[in-house]
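Containing JSON, C-alpha atoms and all ligand atoms: run-v4.json.
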```json
[["chain", "number", "residue", "atom", "x", "y", "z"],
["A", 1, "MET", "CA", 22.55, -2.41, -10.17],
["A", 2, "THR", "CA", 20.06, -0.46, -12.26],
["A", 3, "LYS", "CA", 18.55, 2.79, -10.95],
["A", 4, "ALA", "CA", 15.32, 0.93, -10.37],
["A", 5, "GLN", "CA", 17.06, -1.70, -8.24],
["A", 6, "GLU", "CA", 18.81, 1.00, -6.20],
["A", 7, "VAL", "CA", 15.53, 2.82, -5.63],
["A", 8, "LYS", "CA", 13.74, -0.39, -4.72],
["A", 9, "LYS", "CA", 16.40, -1.18, -2.14],
["A", 10, "ALA", "CA", 16.07, 2.30, -0.60],
["A", 11, "LEU", "CA", 12.28, 2.11, -0.38],
["A", 12, "LYS", "CA", 11.94, -1.50, 0.70],
["A", 13, "GLY", "CA", 9.83, -1.93, 3.83],
["A", 14, "HIS", "CA", 8.43, 1.59, 3.61],
["A", 15, "PHE", "CA", 5.59, 0.99, 1.18],
["A", 16, "ASN", "CA", 2.99, -1.69, 0.57],
["A", 17, "ASN", "CA", 3.05, -3.75, -2.57],
["A", 18, "LEU", "CA", 6.08, -1.89, -3.86],
["A", 19, "LYS", "CA", 7.00, -2.45, -7.49],
["A", 20, "CYS", "CA", 9.93, -0.76, -9.07],
["A", 21, "THR", "CA", 11.04, -1.34, -12.64],
["A", 22, "ASN", "CA", 13.44, 0.17, -15.10],
["A", 23, "GLY", "CA", 11.98, 1.70, -18.24],
["A", 24, "ARG", "CA", 12.69, -0.16, -21.46],
["A", 25, "GLY", "CA", 13.82, 1.02, -24.87],
["A", 26, "THR", "CA", 13.84, 4.81, -25.17],
["A", 27, "ALA", "CA", 12.64, 5.06, -21.57],
["A", 28, "TRP", "CA", 15.85, 3.44, -20.35],
["A", 29, "GLY", "CA", 17.01, 5.26, -17.22],
["A", 30, "TRP", "CA", 13.46, 5.89, -16.10],
["A", 31, "VAL", "CA", 12.37, 4.43, -12.81],
["A", 32, "GLU", "CA", 8.77, 3.28, -12.75],
["A", 33, "LEU", "CA", 7.47, 2.99, -9.25],
["A", 34, "SER", "CA", 4.15, 1.83, -7.89],
["A", 35, "PHE", "CA", 2.79, 1.10, -4.43],
["A", 36, "ASP", "CA", -0.43, 1.00, -2.42],
["A", 37, "LEU", "CA", -1.56, 3.51, 0.13],
["A", 38, "PRO", "CA", -4.63, 3.23, 2.38],
["A", 39, "LYS", "CA", -7.27, 5.62, 1.11],
["A", 40, "PRO", "CA", -7.97, 8.27, 3.77],
["A", 41, "LYS", "CA", -11.20, 7.67, 5.67],
["A", 42, "GLU", "CA", -12.29, 11.26, 4.94],
["A", 43, "CYS", "CA", -12.01, 10.73, 1.18],
["A", 44, "TYR", "CA", -14.66, 12.51, -0.87],
["A", 45, "CYS", "CA", -13.27, 11.84, -4.36],
["A", 46, "ALA", "CA", -16.62, 10.36, -5.35],
["A", 47, "GLU", "CA", -18.30, 13.76, -4.86],
["A", 48, "GLN", "CA", -15.90, 15.46, -7.24],
["A", 49, "LEU", "CA", -16.11, 15.53, -11.02],
["A", 50, "THR", "CA", -12.38, 15.14, -11.57],
["A", 51, "GLY", "CA", -9.17, 14.74, -9.66],
["A", 52, "TYR", "CA", -8.43, 13.72, -6.12],
["A", 53, "CYS", "CA", -10.07, 15.18, -3.05],
["A", 54, "LEU", "CA", -7.99, 17.12, -0.53],
["A", 55, "PRO", "CA", -7.27, 14.24, 1.91],
["A", 56, "CYS", "CA", -6.24, 11.97, -0.99],
["A", 57, "SER", "CA", -4.03, 14.65, -2.58],
["A", 58, "LYS", "CA", -2.39, 15.21, 0.78],
["A", 59, "ALA", "CA", -1.77, 11.49, 1.32],
["A", 60, "ARG", "CA", -0.28, 11.21, -2.18],
["A", 61, "ASP", "CA", 1.94, 14.27, -1.71],
["A", 62, "GLU", "CA", 3.22, 12.96, 1.62],
["A", 63, "ALA", "CA", 4.00, 9.58, 0.07],
["A", 64, "ARG", "CA", 5.84, 11.23, -2.85],
["A", 65, "LYS", "CA", 7.83, 13.33, -0.41],
["A", 66, "LYS", "CA", 8.73, 10.21, 1.56],
["A", 67, "VAL", "CA", 9.91, 8.55, -1.67],
["A", 68, "TYR", "CA", 12.18, 11.50, -2.46],
["A", 69, "ASP", "CA", 13.47, 11.74, 1.12],
["A", 70, "LEU", "CA", 14.43, 8.06, 1.15],
["A", 71, "ILE", "CA", 16.12, 8.35, -2.26],
["A", 72, "LYS", "CA", 18.07, 11.36, -1.03],
["A", 73, "GLN", "CA", 19.07, 9.57, 2.17],
["A", 74, "ALA", "CA", 20.36, 6.66, 0.09],
["A", 75, "LYS", "CA", 22.31, 9.17, -2.04],
["A", 76, "ILE", "CA", 20.79, 7.93, -5.27],
["A", 77, "GLU", "CA", 21.00, 10.30, -8.19],
["A", 78, "LEU", "CA", 18.11, 9.90, -10.53],
["A", 79, "TYR", "CA", 18.58, 10.64, -14.21],
["A", 80, "ASN", "CA", 16.79, 13.73, -15.33],
["A", 81, "TYR", "CA", 15.46, 15.26, -18.48],
["A", 82, "THR", "CA", 14.82, 18.79, -19.65],
["A", 83, "ALA", "CA", 11.16, 19.59, -19.91],
["A", 84, "ASP", "CA", 9.82, 21.21, -23.04],
["A", 85, "ASP", "CA", 7.88, 23.76, -20.97],
["A", 86, "GLY", "CA", 9.54, 26.97, -22.14],
["A", 87, "TYR", "CA", 11.59, 27.14, -18.93],
["A", 88, "ASN", "CA", 13.82, 24.15, -19.68],
["A", 89, "SER", "CA", 13.11, 22.83, -16.19],
["A", 90, "GLN", "CA", 14.93, 19.73, -15.06],
["A", 91, "ASN", "CA", 12.75, 16.83, -14.09],
["A", 92, "ASP", "CA", 13.58, 13.48, -12.58],
["A", 93, "CYS", "CA", 13.18, 10.40, -14.72],
["A", 94, "MET", "CA", 10.81, 8.74, -12.32],
["A", 95, "LEU", "CA", 7.15, 7.88, -12.57],
["A", 96, "ILE", "CA", 5.30, 7.31, -9.32],
["A", 97, "ASP", "CA", 2.04, 5.46, -9.50],
["A", 98, "ILE", "CA", 0.19, 5.49, -6.19],
["A", 99, "ASN", "CA", -2.79, 3.19, -5.75],
["A", 100, "LEU", "CA", -5.14, 4.38, -3.05],
["A", 101, "ILE", "CA", -6.74, 1.29, -1.57],
["A", 102, "SER", "CA", -10.10, 1.78, 0.06],
["A", 103, "GLN", "CA", -10.61, 0.48, 3.60],
["A", 104, "LYS", "CA", -14.37, 0.64, 3.28],
["A", 105, "PRO", "CA", -15.64, -2.93, 2.92],
["A", 106, "GLU", "CA", -18.14, -1.96, 0.23],
["A", 107, "GLU", "CA", -15.32, -0.50, -1.86],
["A", 108, "LEU", "CA", -12.63, -3.12, -1.34],
["A", 109, "THR", "CA", -10.71, -4.26, -4.39],
["A", 110, "ILE", "CA", -11.61, -7.85, -5.15],
["A", 111, "ILE", "CA", -8.57, -9.80, -6.29],
["A", 112, "TYR", "CA", -10.16, -13.24, -6.53],
["A", 113, "LYS", "CA", -13.70, -14.41, -6.93],
["A", 114, "SER", "CA", -15.16, -17.84, -7.45],
["A", 115, "GLY", "CA", -18.59, -19.12, -6.53],
["A", 116, "GLY", "CA", -19.47, -17.84, -3.06],
["A", 117, "TYR", "CA", -15.85, -17.07, -2.32],
["A", 118, "GLU", "CA", -14.20, -13.64, -2.56],
["A", 119, "VAL", "CA", -10.77, -12.29, -1.65],
["A", 120, "SER", "CA", -10.10, -8.54, -1.40],
["A", 121, "LYS", "CA", -7.05, -6.46, -0.63],
["A", 122, "VAL", "CA", -7.03, -4.56, 2.62],
["A", 123, "ILE", "CA", -4.28, -2.63, 4.39],
["A", 124, "ILE", "CA", -4.48, -2.87, 8.16],
["A", 125, "GLU", "CA", -2.08, -0.71, 10.21],
["A", 126, "GLY", "CA", 0.22, -0.59, 7.19],
["A", 127, "TYR", "CA", 0.26, -4.35, 6.60],
["A", 128, "ASP", "CA", -0.88, -5.95, 3.37],
["A", 129, "CYS", "CA", -3.73, -8.22, 4.38],
["A", 130, "GLN", "CA", -6.51, -10.01, 2.58],
["A", 131, "LEU", "CA", -10.16, -10.18, 3.43],
["A", 132, "HIS", "CA", -11.70, -13.56, 2.65],
["A", 133, "LYS", "CA", -15.43, -13.78, 2.34],
["A", 134, "SER", "CA", -17.27, -17.03, 2.03],
["A", 135, "THR", "CA", -20.99, -17.65, 2.10],
["A", 136, "GLU", "CA", -20.53, -20.45, 4.62],
["A", 137, "CYS", "CA", -17.94, -19.06, 7.02],
["A", 138, "GLY", "CA", -18.42, -15.30, 6.89],
["A", 139, "TYR", "CA", -15.37, -13.03, 6.93],
["A", 140, "MET", "CA", -11.76, -13.83, 7.70],
["A", 141, "ILE", "CA", -8.63, -11.66, 7.59],
["A", 142, "GLN", "CA", -5.46, -13.23, 6.28],
["A", 143, "VAL", "CA", -2.37, -11.48, 7.61],
["A", 144, "PRO", "CA", 1.08, -11.60, 6.00],
["A", 145, "MET", "CA", 3.75, -14.08, 7.18],
["A", 146, "GLY", "CA", 6.03, -11.27, 8.31],
["A", 147, "LYS", "CA", 9.64, -11.48, 9.43],
["A", 148, "ASN", "CA", 11.26, -11.43, 12.90],
["A", 149, "GLU", "CA", 9.16, -9.32, 15.30],
["A", 150, "GLU", "CA", 6.37, -9.06, 12.77],
["A", 151, "LYS", "CA", 6.31, -12.82, 12.31],
["A", 152, "LYS", "CA", 6.07, -13.29, 16.09],
["A", 153, "MET", "CA", 3.14, -10.91, 16.23],
["A", 154, "PHE", "CA", 1.26, -12.51, 13.35],
["A", 155, "ASP", "CA", 1.96, -16.05, 14.62],
["A", 156, "GLU", "CA", 0.49, -15.05, 17.97],
["A", 157, "LEU", "CA", -2.59, -13.76, 16.16],
["A", 158, "VAL", "CA", -2.99, -16.69, 13.81],
["A", 159, "TYR", "CA", -2.40, -19.53, 16.30],
["A", 160, "HIS", "CA", -3.91, -18.13, 19.48],
["A", 161, "ASN", "CA", -6.49, -15.55, 18.52],
["A", 162, "GLN", "CA", -8.68, -17.10, 15.85],
["A", 163, "ALA", "CA", -11.72, -15.21, 17.12],
["A", 164, "VAL", "CA", -9.99, -11.92, 16.27],
["A", 165, "TYR", "CA", -9.70, -12.48, 12.55],
["A", 166, "HIS", "CA", -13.05, -14.15, 12.02],
["A", 167, "ALA", "CA", -16.24, -12.13, 12.09],
["A", 168, "ASP", "CA", -19.69, -11.98, 10.57],
["A", 169, "THR", "CA", -19.09, -8.61, 8.91],
["A", 170, "ALA", "CA", -16.10, -7.20, 7.03],
["A", 171, "GLU", "CA", -16.02, -4.04, 9.17],
["A", 172, "LYS", "CA", -15.85, -6.11, 12.33],
["A", 173, "ALA", "CA", -13.09, -8.39, 11.05],
["A", 174, "ILE", "CA", -10.98, -5.41, 9.91],
["A", 175, "SER", "CA", -11.46, -3.39, 13.10],
["A", 176, "GLN", "CA", -10.80, -6.41, 15.36],
["A", 177, "VAL", "CA", -7.47, -7.13, 13.65],
["A", 178, "LYS", "CA", -6.58, -3.44, 13.67],
["A", 179, "GLU", "CA", -7.27, -3.13, 17.37],
["A", 180, "TRP", "CA", -5.40, -6.35, 18.12],
["A", 181, "ILE", "CA", -2.26, -5.12, 16.30],
["A", 182, "ILE", "CA", -2.36, -1.76, 18.10],
["A", 183, "ASN", "CA", -2.71, -3.46, 21.49],
["A", 184, "TYR", "CA", -0.03, -6.02, 20.74],
["A", 185, "LYS", "CA", 2.44, -3.27, 19.88],
["A", 186, "LYS", "CA", 1.56, -1.35, 23.03],
["A", 187, "ASN", "CA", 2.39, -4.37, 25.15],
["A", 188, "ILE", "CA", 5.78, -5.36, 23.75],
["B", 201, "ZN", "ZN", -10.31, 11.05, -2.06]]
```

Could you take the file, read its structure, and then write that structure out as C-alpha cells?
Ligand SMILES: [Zn+2]
Amino acid sequence: MTKAQEVKKALKGHFNNLKCTNGRGTAWGWVELSFDLPKPKECYCAEQLTGYCLPCSKARDEARKKVYDLIKQAKIELYNYTADDGYNSQNDCMLIDINLISQKPEELTIIYKSGGYEVSKVIIEGYDCQLHKSTECGYMIQVPMGKNEEKKMFDELVYHNQAVYHADTAEKAISQVKEWIINYKKNI
C-alpha cells in the first residue's frame, strides 16, 4: 500500500468527497488530499480582501486537526522533509486541499447545466447530496445511496417521503431534507 492508500483508508467515511493520491515523480512520497466541507453559515469571506474569514479558518483548522488525529490513530507515519526556513523545521509530506462548499442556494456550485436543468452540490447533515433544479418541476434533492443504516434512512426518504425532497425553492428543499434527517435519527 502507498502512503496515500493508507491515509485514504484511515480517513474513509470521515470526509465528503475524499480524494487521496500519491505524488508523482519528484513528489513521490507526498500525500495529496482533498475533501469538501460545508461552508460555515456565518462566513464573511466575501467582505474580506484576502484570505479566509474567522469561521472558515476555524472550520479548516478543525478539519486539518481531525485529519492528523485519524492518521495518528491509524499509526501512519508520513514522510517528512526539512524546510528551508532557517530553522530546518521538519514538515510532513502532505498537502491538504479543503473545498468549502456553500450551503446558500445562490452560491451553490453548479456541477451540471443544460437547458433549463441545473445540478449543484450540496452537503446536508454531512451527506453529499445534489440539488436538481428544473424549470418545469422546481427543486429536488437527490440523496446518496448510502450503506446499511444510512441506506435504510435514505430509502425511507426516497420511497415514502417524496414531498420532503421536492420544493418550490432551493432553501425549502434543503431545509426540509435536513430536518427530516435530524428527526429520523432522533427516532431510531
Ligand atoms: Zn468565510

Query - Site check for ligand ZN 201 (chain B): residues at most 6 Å away, all atoms listed in the file, as a PyMOL selection string - result: chain A and resi 43-45+52-53+55-56

Query - A:Lys41, A:Lys113, A:Lys186, A:Lys9 ranked by distance to Val67 of chain A, top pick (using all atoms listed in the file) - result: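 Residue with the minimum atom-to-atom distance to Val67 of chain A: A:Lys9.
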
Requested in this report: Please identify all polymer residues within 12 Å of Ala74 of chain A, counting only C-alpha atoms, omitting same-chain residues fewer than 5 positions from it, and present them as number ranges by chain.
Outcome: A: 3, 6-12, 67-69

Requested in this report: Check the smallest atom-to-atom distance from each of A:Ile188, A:Ala170, A:Val122, A:Ile110 to Tyr139 of chain A using all atoms listed in the file, then report the winner.
Outcome: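 Of A:Ile188, A:Ala170, A:Val122, A:Ile110, the one nearest Tyr139 of chain A is A:Ala170, counting all atoms listed in the file.
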
Query - Pairwise distance for atom CA of Cys137 of chain A and atom CA of Lys39 of chain A, rounded to one decimal in Å - result: 27.5 Å

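Nearest to Leu95 of chain A of all the residues A:Asn16, A:Thr50, A:Thr82, A:Ser34 is A:Ser34, based on all atoms listed in the file.
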
Requested in this report: To one decimal in Å, tell me the separation between atom CA of Lys19 of chain A and atom CA of Glu32 of chain A.
Outcome: 8.0 Å

**Report entry** For Ala173 of chain A: contacts at 9 Å, all atoms listed in the file, fewer than 6 positions along chain excluded, given as JSON, numbers by chain
**Finding:** {"A": [131, 139, 140, 141, 164, 165, 166, 167]}

Report task. Go ahead and compute the interatomic distance for atom CA of Glu171 of chain A and atom CA of Cys129 of chain A, in Å to one decimal. Result -> 13.8 Å
